[in-house]
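**Q** Pasting input27.pdb below, which is PDB, C-alpha atoms, pLDDT in the B column.
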```pdb
ATOM      1  CA  MET A   1     -19.842 -17.386  71.234  1.00 75.00           C
ATOM      2  CA  THR A   2     -18.791 -19.887  68.596  1.00 87.00           C
ATOM      3  CA  LYS A   3     -21.335 -22.058  66.836  1.00 90.00           C
ATOM      4  CA  LYS A   4     -20.185 -25.640  66.155  1.00 93.00           C
ATOM      5  CA  ILE A   5     -21.419 -27.513  63.060  1.00 94.00           C
ATOM      6  CA  LEU A   6     -20.587 -31.112  62.173  1.00 94.00           C
ATOM      7  CA  ILE A   7     -19.769 -32.272  58.636  1.00 94.00           C
ATOM      8  CA  LYS A   8     -19.879 -36.012  59.255  1.00 94.00           C
ATOM      9  CA  GLY A   9     -20.883 -38.897  56.971  1.00 93.00           C
ATOM     10  CA  ASP A  10     -21.864 -38.723  53.314  1.00 95.00           C
ATOM     11  CA  VAL A  11     -22.418 -35.418  51.509  1.00 95.00           C
ATOM     12  CA  VAL A  12     -25.863 -35.710  49.879  1.00 95.00           C
ATOM     13  CA  ASP A  13     -28.611 -33.569  48.379  1.00 95.00           C
ATOM     14  CA  ASP A  14     -31.640 -32.655  50.480  1.00 95.00           C
ATOM     15  CA  LEU A  15     -33.907 -35.367  49.043  1.00 94.00           C
ATOM     16  CA  THR A  16     -31.359 -38.102  49.688  1.00 94.00           C
ATOM     17  CA  GLY A  17     -30.780 -36.515  53.074  1.00 93.00           C
ATOM     18  CA  SER A  18     -34.386 -37.211  54.068  1.00 93.00           C
ATOM     19  CA  PHE A  19     -33.761 -40.905  53.328  1.00 93.00           C
ATOM     20  CA  TYR A  20     -30.604 -40.869  55.461  1.00 92.00           C
ATOM     21  CA  GLU A  21     -32.486 -39.042  58.202  1.00 92.00           C
ATOM     22  CA  TYR A  22     -35.220 -41.677  58.292  1.00 91.00           C
ATOM     23  CA  PHE A  23     -32.671 -44.420  58.957  1.00 91.00           C
ATOM     24  CA  SER A  24     -30.562 -42.231  61.300  1.00 93.00           C
ATOM     25  CA  MET A  25     -27.572 -42.496  58.976  1.00 92.00           C
ATOM     26  CA  PRO A  26     -24.825 -39.869  59.375  1.00 93.00           C
ATOM     27  CA  HIS A  27     -24.864 -37.334  56.557  1.00 94.00           C
ATOM     28  CA  VAL A  28     -24.706 -33.673  55.674  1.00 96.00           C
ATOM     29  CA  SER A  29     -26.909 -31.847  53.179  1.00 97.00           C
ATOM     30  CA  PRO A  30     -27.247 -28.240  52.015  1.00 97.00           C
ATOM     31  CA  GLY A  31     -30.554 -27.860  53.883  1.00 96.00           C
ATOM     32  CA  LYS A  32     -29.015 -28.936  57.188  1.00 96.00           C
ATOM     33  CA  ILE A  33     -26.114 -26.521  56.814  1.00 96.00           C
ATOM     34  CA  GLU A  34     -28.382 -23.657  55.719  1.00 96.00           C
ATOM     35  CA  GLN A  35     -30.565 -24.174  58.785  1.00 94.00           C
ATOM     36  CA  ALA A  36     -27.569 -24.346  61.119  1.00 93.00           C
ATOM     37  CA  LEU A  37     -25.995 -21.195  59.674  1.00 93.00           C
ATOM     38  CA  ALA A  38     -29.276 -19.272  59.826  1.00 91.00           C
ATOM     39  CA  GLU A  39     -29.396 -19.571  63.618  1.00 82.00           C
ATOM     40  CA  ASP A  40     -27.616 -16.528  65.085  1.00 70.00           C
ATOM     41  CA  ASP A  41     -25.803 -15.671  61.871  1.00 71.00           C
ATOM     42  CA  ASP A  42     -23.526 -13.134  63.593  1.00 76.00           C
ATOM     43  CA  GLU A  43     -21.651 -15.833  65.524  1.00 88.00           C
ATOM     44  CA  ASP A  44     -18.330 -17.294  64.522  1.00 93.00           C
ATOM     45  CA  VAL A  45     -18.531 -20.885  63.301  1.00 95.00           C
ATOM     46  CA  GLU A  46     -16.379 -23.973  63.754  1.00 95.00           C
ATOM     47  CA  LEU A  47     -16.921 -26.722  61.189  1.00 96.00           C
ATOM     48  CA  SER A  48     -15.730 -30.169  62.270  1.00 96.00           C
ATOM     49  CA  ILE A  49     -15.141 -32.350  59.194  1.00 97.00           C
ATOM     50  CA  ALA A  50     -14.786 -36.123  58.998  1.00 96.00           C
ATOM     51  CA  SER A  51     -16.304 -37.277  55.711  1.00 95.00           C
ATOM     52  CA  ASN A  52     -15.499 -39.454  52.712  1.00 94.00           C
ATOM     53  CA  GLY A  53     -17.300 -36.961  50.452  1.00 93.00           C
ATOM     54  CA  GLY A  54     -20.274 -37.583  48.179  1.00 92.00           C
ATOM     55  CA  ASP A  55     -22.434 -35.538  45.819  1.00 92.00           C
ATOM     56  CA  VAL A  56     -20.298 -32.845  44.176  1.00 94.00           C
ATOM     57  CA  PHE A  57     -23.258 -30.517  43.527  1.00 94.00           C
ATOM     58  CA  ALA A  58     -24.457 -30.768  47.131  1.00 95.00           C
ATOM     59  CA  ALA A  59     -20.902 -29.966  48.206  1.00 96.00           C
ATOM     60  CA  SER A  60     -20.924 -26.932  45.919  1.00 96.00           C
ATOM     61  CA  GLU A  61     -24.117 -25.660  47.557  1.00 97.00           C
ATOM     62  CA  ILE A  62     -22.608 -26.128  51.019  1.00 97.00           C
ATOM     63  CA  TYR A  63     -19.357 -24.460  49.951  1.00 97.00           C
ATOM     64  CA  THR A  64     -21.300 -21.445  48.674  1.00 97.00           C
ATOM     65  CA  LEU A  65     -23.422 -21.208  51.834  1.00 96.00           C
ATOM     66  CA  ILE A  66     -20.298 -21.176  53.986  1.00 96.00           C
ATOM     67  CA  ARG A  67     -18.462 -18.660  51.815  1.00 95.00           C
ATOM     68  CA  ASN A  68     -21.480 -16.333  51.996  1.00 95.00           C
ATOM     69  CA  TYR A  69     -21.736 -16.604  55.790  1.00 95.00           C
ATOM     70  CA  PRO A  70     -21.002 -13.197  57.365  1.00 92.00           C
ATOM     71  CA  GLY A  71     -19.204 -14.537  60.441  1.00 91.00           C
ATOM     72  CA  LYS A  72     -15.740 -16.052  60.672  1.00 94.00           C
ATOM     73  CA  VAL A  73     -15.596 -19.760  59.774  1.00 96.00           C
ATOM     74  CA  THR A  74     -12.883 -22.056  61.118  1.00 97.00           C
ATOM     75  CA  VAL A  75     -12.655 -25.544  59.620  1.00 97.00           C
ATOM     76  CA  ASN A  76     -11.269 -28.354  61.775  1.00 97.00           C
ATOM     77  CA  ILE A  77     -10.435 -31.486  59.770  1.00 97.00           C
ATOM     78  CA  GLU A  78     -10.606 -34.188  62.421  1.00 95.00           C
ATOM     79  CA  GLY A  79     -10.319 -37.372  60.377  1.00 94.00           C
ATOM     80  CA  LEU A  80     -10.642 -37.639  56.618  1.00 95.00           C
ATOM     81  CA  ALA A  81     -11.804 -34.803  54.376  1.00 96.00           C
ATOM     82  CA  ALA A  82     -11.979 -36.555  51.026  1.00 96.00           C
ATOM     83  CA  SER A  83     -13.363 -35.703  47.628  1.00 94.00           C
ATOM     84  CA  ALA A  84     -16.444 -33.475  47.977  1.00 95.00           C
ATOM     85  CA  ALA A  85     -15.730 -32.962  51.690  1.00 96.00           C
ATOM     86  CA  SER A  86     -12.351 -31.456  50.813  1.00 97.00           C
ATOM     87  CA  VAL A  87     -14.162 -28.912  48.615  1.00 97.00           C
ATOM     88  CA  ILE A  88     -16.377 -27.948  51.567  1.00 97.00           C
ATOM     89  CA  ALA A  89     -13.272 -27.519  53.721  1.00 97.00           C
ATOM     90  CA  MET A  90     -11.876 -24.922  51.318  1.00 98.00           C
ATOM     91  CA  ALA A  91     -14.722 -22.551  52.272  1.00 97.00           C
ATOM     92  CA  GLY A  92     -13.248 -21.852  55.701  1.00 96.00           C
ATOM     93  CA  ASP A  93     -11.472 -18.628  56.577  1.00 96.00           C
ATOM     94  CA  THR A  94      -8.977 -20.753  58.504  1.00 97.00           C
ATOM     95  CA  ILE A  95      -8.413 -24.457  57.880  1.00 98.00           C
ATOM     96  CA  ARG A  96      -6.893 -26.504  60.694  1.00 97.00           C
ATOM     97  CA  MET A  97      -5.960 -30.177  60.500  1.00 97.00           C
ATOM     98  CA  SER A  98      -5.474 -32.734  63.223  1.00 96.00           C
ATOM     99  CA  PRO A  99      -1.947 -34.182  63.032  1.00 95.00           C
ATOM    100  CA  THR A 100      -3.527 -37.590  62.354  1.00 95.00           C
ATOM    101  CA  SER A 101      -5.983 -36.418  59.684  1.00 97.00           C
ATOM    102  CA  GLN A 102      -5.874 -36.700  55.886  1.00 97.00           C
ATOM    103  CA  LEU A 103      -7.063 -34.523  53.006  1.00 97.00           C
ATOM    104  CA  MET A 104      -7.726 -36.255  49.678  1.00 97.00           C
ATOM    105  CA  ILE A 105      -8.471 -34.643  46.310  1.00 97.00           C
ATOM    106  CA  HIS A 106      -9.271 -36.382  43.029  1.00 96.00           C
ATOM    107  CA  LYS A 107     -11.104 -35.954  39.744  1.00 94.00           C
ATOM    108  CA  ALA A 108     -14.878 -36.358  39.553  1.00 90.00           C
ATOM    109  CA  TRP A 109     -16.309 -39.658  38.351  1.00 82.00           C
ATOM    110  CA  SER A 110     -19.700 -41.061  37.381  1.00 79.00           C
ATOM    111  CA  GLY A 111     -21.217 -44.450  36.689  1.00 75.00           C
ATOM    112  CA  MET A 112     -23.261 -43.770  33.561  1.00 77.00           C
ATOM    113  CA  GLN A 113     -24.174 -46.057  30.672  1.00 82.00           C
ATOM    114  CA  GLY A 114     -24.713 -45.274  26.997  1.00 86.00           C
ATOM    115  CA  ASN A 115     -23.215 -45.209  23.540  1.00 87.00           C
ATOM    116  CA  ALA A 116     -20.013 -43.508  22.322  1.00 89.00           C
ATOM    117  CA  ASP A 117     -21.756 -40.147  21.957  1.00 88.00           C
ATOM    118  CA  ASP A 118     -23.069 -40.396  25.497  1.00 85.00           C
ATOM    119  CA  MET A 119     -19.606 -41.236  26.813  1.00 86.00           C
ATOM    120  CA  ASN A 120     -17.964 -38.347  24.957  1.00 89.00           C
ATOM    121  CA  HIS A 121     -20.578 -35.952  26.316  1.00 89.00           C
ATOM    122  CA  GLU A 122     -20.120 -37.299  29.841  1.00 86.00           C
ATOM    123  CA  ALA A 123     -16.343 -36.800  29.545  1.00 90.00           C
ATOM    124  CA  SER A 124     -16.872 -33.113  28.770  1.00 90.00           C
ATOM    125  CA  VAL A 125     -19.303 -32.807  31.687  1.00 91.00           C
ATOM    126  CA  LEU A 126     -16.803 -34.385  34.076  1.00 91.00           C
ATOM    127  CA  GLN A 127     -14.048 -32.076  32.858  1.00 92.00           C
ATOM    128  CA  SER A 128     -16.272 -29.080  33.503  1.00 93.00           C
ATOM    129  CA  ILE A 129     -16.913 -30.369  37.033  1.00 93.00           C
ATOM    130  CA  ASP A 130     -13.176 -30.868  37.551  1.00 94.00           C
ATOM    131  CA  ASP A 131     -12.606 -27.267  36.473  1.00 95.00           C
ATOM    132  CA  SER A 132     -15.099 -25.998  39.049  1.00 95.00           C
ATOM    133  CA  ILE A 133     -13.561 -28.140  41.805  1.00 96.00           C
ATOM    134  CA  SER A 134     -10.102 -26.907  40.857  1.00 96.00           C
ATOM    135  CA  SER A 135     -11.346 -23.330  41.202  1.00 96.00           C
ATOM    136  CA  ALA A 136     -12.124 -23.884  44.896  1.00 96.00           C
ATOM    137  CA  TYR A 137      -8.653 -25.316  45.504  1.00 97.00           C
ATOM    138  CA  GLN A 138      -7.008 -22.503  43.534  1.00 97.00           C
ATOM    139  CA  GLN A 139      -8.734 -19.803  45.575  1.00 95.00           C
ATOM    140  CA  LYS A 140      -7.377 -21.349  48.768  1.00 96.00           C
ATOM    141  CA  THR A 141      -3.866 -22.357  47.706  1.00 96.00           C
ATOM    142  CA  GLY A 142      -2.971 -19.860  44.997  1.00 96.00           C
ATOM    143  CA  LEU A 143      -1.628 -22.762  42.940  1.00 97.00           C
ATOM    144  CA  PRO A 144      -2.232 -22.679  39.160  1.00 97.00           C
ATOM    145  CA  ASP A 145      -5.022 -24.735  37.606  1.00 96.00           C
ATOM    146  CA  GLU A 146      -2.572 -27.030  35.806  1.00 96.00           C
ATOM    147  CA  LYS A 147      -0.867 -27.974  39.096  1.00 97.00           C
ATOM    148  CA  ILE A 148      -4.184 -28.503  40.893  1.00 97.00           C
ATOM    149  CA  GLN A 149      -5.615 -30.670  38.110  1.00 96.00           C
ATOM    150  CA  GLN A 150      -2.475 -32.822  38.131  1.00 97.00           C
ATOM    151  CA  LEU A 151      -2.823 -33.342  41.879  1.00 97.00           C
ATOM    152  CA  MET A 152      -6.464 -34.289  41.322  1.00 97.00           C
ATOM    153  CA  SER A 153      -5.546 -36.669  38.494  1.00 96.00           C
ATOM    154  CA  ASN A 154      -3.000 -38.354  40.776  1.00 96.00           C
ATOM    155  CA  GLU A 155      -5.626 -38.783  43.554  1.00 96.00           C
ATOM    156  CA  THR A 156      -3.443 -36.943  46.045  1.00 97.00           C
ATOM    157  CA  TRP A 157      -3.561 -37.810  49.742  1.00 97.00           C
ATOM    158  CA  MET A 158      -2.115 -35.216  52.124  1.00 97.00           C
ATOM    159  CA  ASN A 159      -1.346 -35.450  55.797  1.00 97.00           C
ATOM    160  CA  ALA A 160      -1.543 -32.299  57.899  1.00 96.00           C
ATOM    161  CA  GLN A 161       1.983 -31.108  57.125  1.00 95.00           C
ATOM    162  CA  ASP A 162       1.619 -31.848  53.398  1.00 96.00           C
ATOM    163  CA  ALA A 163      -1.630 -29.884  53.281  1.00 97.00           C
ATOM    164  CA  VAL A 164      -0.077 -26.875  55.032  1.00 96.00           C
ATOM    165  CA  ASP A 165       2.986 -27.016  52.775  1.00 96.00           C
ATOM    166  CA  LYS A 166       0.817 -27.036  49.641  1.00 96.00           C
ATOM    167  CA  GLY A 167      -1.522 -24.314  50.933  1.00 96.00           C
ATOM    168  CA  PHE A 168      -4.639 -26.462  51.393  1.00 97.00           C
ATOM    169  CA  ALA A 169      -4.578 -25.872  55.152  1.00 97.00           C
ATOM    170  CA  ASP A 170      -3.343 -23.088  57.415  1.00 96.00           C
ATOM    171  CA  GLU A 171      -2.523 -24.760  60.715  1.00 95.00           C
ATOM    172  CA  ILE A 172      -1.913 -28.076  62.422  1.00 94.00           C
ATOM    173  CA  MET A 173      -4.119 -28.527  65.478  1.00 92.00           C
ATOM    174  CA  PHE A 174      -2.883 -29.046  69.035  1.00 83.00           C
ATOM    175  CA  ILE A 175       0.347 -27.055  68.712  1.00 60.00           C
ATOM    176  CA  ASP A 176       0.499 -25.409  72.121  1.00 57.00           C
ATOM    177  CA  GLU A 177       1.325 -21.778  71.461  1.00 51.00           C
ATOM    178  CA  LYS A 178       0.695 -20.762  75.094  1.00 54.00           C
ATOM    179  CA  GLN A 179       3.156 -23.162  76.670  1.00 51.00           C
ATOM    180  CA  PRO A 180       5.767 -21.056  78.479  1.00 50.00           C
ATOM    181  CA  ALA A 181       9.407 -21.521  77.536  1.00 45.00           C
ATOM    182  CA  ALA A 182      12.029 -21.672  80.297  1.00 48.00           C
ATOM    183  CA  LEU A 183      15.031 -19.667  79.092  1.00 44.00           C
ATOM    184  CA  ASN A 184      18.599 -19.195  80.174  1.00 46.00           C
ATOM    185  CA  SER A 185      19.768 -16.497  77.803  1.00 42.00           C
ATOM    186  CA  ILE A 186      20.337 -12.783  77.511  1.00 44.00           C
ATOM    187  CA  SER A 187      18.882 -12.871  73.972  1.00 42.00           C
ATOM    188  CA  GLU A 188      15.233 -12.631  73.018  1.00 50.00           C
ATOM    189  CA  ILE A 189      13.745 -15.969  71.959  1.00 50.00           C
ATOM    190  CA  PRO A 190      10.668 -15.802  69.644  1.00 54.00           C
ATOM    191  CA  SER A 191       7.435 -17.089  71.146  1.00 58.00           C
ATOM    192  CA  LYS A 192       5.896 -20.378  69.984  1.00 57.00           C
ATOM    193  CA  GLN A 193       3.074 -18.380  68.397  1.00 65.00           C
ATOM    194  CA  ALA A 194       5.592 -16.364  66.383  1.00 62.00           C
ATOM    195  CA  ILE A 195       7.431 -19.539  65.351  1.00 61.00           C
ATOM    196  CA  ASN A 196       4.171 -21.152  64.182  1.00 65.00           C
ATOM    197  CA  LYS A 197       3.306 -18.108  62.093  1.00 68.00           C
ATOM    198  CA  PHE A 198       6.840 -18.034  60.701  1.00 63.00           C
ATOM    199  CA  MET A 199       6.746 -21.705  59.619  1.00 66.00           C
ATOM    200  CA  ASN A 200       3.304 -21.283  58.020  1.00 68.00           C
ATOM    201  CA  LEU A 201       4.612 -18.237  56.131  1.00 69.00           C
ATOM    202  CA  ILE A 202       7.599 -20.220  54.841  1.00 66.00           C
ATOM    203  CA  SER A 203       5.301 -23.012  53.602  1.00 65.00           C
ATOM    204  CA  LYS A 204       3.000 -20.576  51.813  1.00 64.00           C
ATOM    205  CA  MET A 205       5.803 -18.581  50.234  1.00 66.00           C
ATOM    206  CA  ASN A 206       7.534 -21.723  48.958  1.00 65.00           C
ATOM    207  CA  ASN A 207       4.370 -22.680  47.087  1.00 62.00           C
ATOM    208  CA  LYS A 208       3.265 -19.213  45.948  1.00 59.00           C
ATOM    209  CA  PRO A 209       3.390 -18.605  42.166  1.00 58.00           C
ATOM    210  CA  GLU A 210       5.934 -16.017  41.096  1.00 56.00           C
ATOM    211  CA  SER A 211       3.950 -12.842  40.357  1.00 54.00           C
ATOM    212  CA  GLN A 212       6.749 -10.376  41.085  1.00 53.00           C
ATOM    213  CA  PRO A 213      10.537 -10.190  40.603  1.00 55.00           C
ATOM    214  CA  LYS A 214      12.512 -12.545  42.823  1.00 51.00           C
ATOM    215  CA  GLU A 215      14.342  -9.600  44.405  1.00 54.00           C
ATOM    216  CA  GLU A 216      11.050  -8.059  45.535  1.00 56.00           C
ATOM    217  CA  GLN A 217       9.792 -11.447  46.767  1.00 54.00           C
ATOM    218  CA  SER A 218      12.956 -11.892  48.842  1.00 55.00           C
ATOM    219  CA  ASP A 219      12.694  -8.397  50.356  1.00 57.00           C
ATOM    220  CA  ASN A 220       8.999  -8.827  51.158  1.00 60.00           C
ATOM    221  CA  LEU A 221       9.591 -12.251  52.693  1.00 55.00           C
ATOM    222  CA  LEU A 222      12.488 -10.935  54.809  1.00 55.00           C
ATOM    223  CA  ASN A 223      10.370  -8.047  56.116  1.00 60.00           C
ATOM    224  CA  GLN A 224       7.511 -10.429  57.005  1.00 59.00           C
ATOM    225  CA  LYS A 225       9.913 -12.810  58.764  1.00 51.00           C
ATOM    226  CA  LEU A 226      11.374 -10.004  60.858  1.00 54.00           C
ATOM    227  CA  ALA A 227       7.920  -8.674  61.781  1.00 58.00           C
ATOM    228  CA  ILE A 228       6.723 -12.118  62.875  1.00 50.00           C
ATOM    229  CA  LEU A 229       9.805 -12.981  64.904  1.00 47.00           C
ATOM    230  CA  LYS A 230       9.518  -9.688  66.805  1.00 53.00           C
ATOM    231  CA  GLN A 231       6.049 -10.684  68.043  1.00 52.00           C
ATOM    232  CA  LYS A 232       5.684 -11.750  71.642  1.00 47.00           C
TER     233      LYS A 232
END
```
Written as structure tokens, how would this file's structure read?
**A**
Amino acid sequence: MTKKILIKGDVVDDLTGSFYEYFSMPHVSPGKIEQALAEDDDEDVELSIASNGGDVFAASEIYTLIRNYPGKVTVNIEGLAASAASVIAMAGDTIRMSPTSQLMIHKAWSGMQGNADDMNHEASVLQSIDDSISSAYQQKTGLPDEKIQQLMSNETWMNAQDAVDKGFADEIMFIDEKQPAALNSISEIPSKQAINKFMNLISKMNNKPESQPKEEQSDNLLNQKLAILKQK
């Protein structure tokens, strides 16, 4: 069986969550996710995300809970996964996006008051938070910190294809891999499932940092392409 968990509404801490709960306002908090994951913790999980984000520390708790979950976690981004919600999404083993959905990443912000010393201190705090957020994106995409932080600074919005191309997502939802193909050929035509895997591989390889000689990368990529296209 697969357990389904909703990440809808604001991301808040547990205390704020009790306020939201009282007024029946949509939200997600670490306590709610912990309770949901604790029920039959050997099941696979599907997380459905549609959230504008919220508290970055609450999101960090949720991210950690999901990463520590022993079962397989599939994330389905159904609408918008923005800000803190995009961090939560990175915890999935597989991240799938609806073709009409969006993923948005940006730098942390706060609304504090104070003198120059206070502001300087707050700037260093925000940079530290940005570094921790970047770490979650780096672990998923393999992109370097400098590239991630620039995307965050630009407040980057990604549709499903953009997110797959950059490595923030693995698949686009609703591609029918089981649809039979009517053929009139004596050659073997790769299956839709093989084509999907092939295109995802191309996207990932195009954005993967160079950690080995280009000749080796080319050989490895060619071998992977051939293996995928032979699949039925």
**Q** Just so the selection is clear, what residues does the PyMOL selection byres ((chain A and resi 26) around 9) cover here, as a PDB file with C-alpha atoms, in the coordinates of the input?
**A**
```pdb
ATOM      1  CA  LYS A   8     -19.879 -36.012  59.255  1.00 94.00           C
ATOM      2  CA  GLY A   9     -20.883 -38.897  56.971  1.00 93.00           C
ATOM      3  CA  ASP A  10     -21.864 -38.723  53.314  1.00 95.00           C
ATOM      4  CA  TYR A  20     -30.604 -40.869  55.461  1.00 92.00           C
ATOM      5  CA  GLU A  21     -32.486 -39.042  58.202  1.00 92.00           C
ATOM      6  CA  SER A  24     -30.562 -42.231  61.300  1.00 93.00           C
ATOM      7  CA  MET A  25     -27.572 -42.496  58.976  1.00 92.00           C
ATOM      8  CA  HIS A  27     -24.864 -37.334  56.557  1.00 94.00           C
ATOM      9  CA  VAL A  28     -24.706 -33.673  55.674  1.00 96.00           C
TER      10      VAL A  28
END
```
**Q** Taking all atoms listed in the file into account, name the residue in A:Ser83, A:Gln102, A:Thr64, A:Ser29 that is nearest to Ala160 in chain A.
**A**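 The shortest atom-to-atom distance to Ala160 in chain A comes from A:Gln102.
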**Q** Residues picked by the PyMOL selection byres ((chain A and resi 110) around 12) here, as a PyMOL selection string?
**A** chain A and resi 54-56+107-109+111-113+119+122-123+125-127+129
**Q** Using the selection just defined, write its residues with C-alpha atoms as a CSV table (one decimal), in the coordinates of the input.
**A**
```csv
chain,number,residue,atom,x,y,z
A,54,GLY,CA,-20.3,-37.6,48.2
A,55,ASP,CA,-22.4,-35.5,45.8
A,56,VAL,CA,-20.3,-32.8,44.2
A,107,LYS,CA,-11.1,-36.0,39.7
A,108,ALA,CA,-14.9,-36.4,39.6
A,109,TRP,CA,-16.3,-39.7,38.4
A,111,GLY,CA,-21.2,-44.4,36.7
A,112,MET,CA,-23.3,-43.8,33.6
A,113,GLN,CA,-24.2,-46.1,30.7
A,119,MET,CA,-19.6,-41.2,26.8
A,122,GLU,CA,-20.1,-37.3,29.8
A,123,ALA,CA,-16.3,-36.8,29.5
A,125,VAL,CA,-19.3,-32.8,31.7
A,126,LEU,CA,-16.8,-34.4,34.1
A,127,GLN,CA,-14.0,-32.1,32.9
A,129,ILE,CA,-16.9,-30.4,37.0
```
**Q** Residues picked by the PyMOL selection byres ((chain A and resi 153) around 12) here, as an MDAnalysis selection string?
**A** chainID A and resid 104:109 127 130:131 134 145:152 154:157
**Q** For the atom pair CA of Leu143 in chain A and CA of Ile49 in chain A, what is the interatomic distance in Å to one decimal place?
**A**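 Spanning CA of Leu143 in chain A to CA of Ile49 in chain A is a straight-line distance of 23.2 Å.
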**Q** Using Å and a single decimal, report how far CA of Lys140 in chain A sits from CA of Thr2 in chain A.
**A**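 We find that CA of Thr2 in chain A and CA of Lys140 in chain A lie 22.9 Å from each other.
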**Q** So the first atom is CA of Ala82 in chain A and the second is CA of Gly167 in chain A; what is the distance between them in Å, to one decimal place?
**A** 16.1 Å
**Q** Could you give me the axis-aligned bounding box of range 19-33 of chain A, with 6 Å of padding per side, as centre plus edge lengths in Å to one decimal, as JSON?
**A**
```
{"center_x": -30.0, "center_y": -35.5, "center_z": 56.7, "size_x": 22.5, "size_y": 29.9, "size_z": 21.3}
```
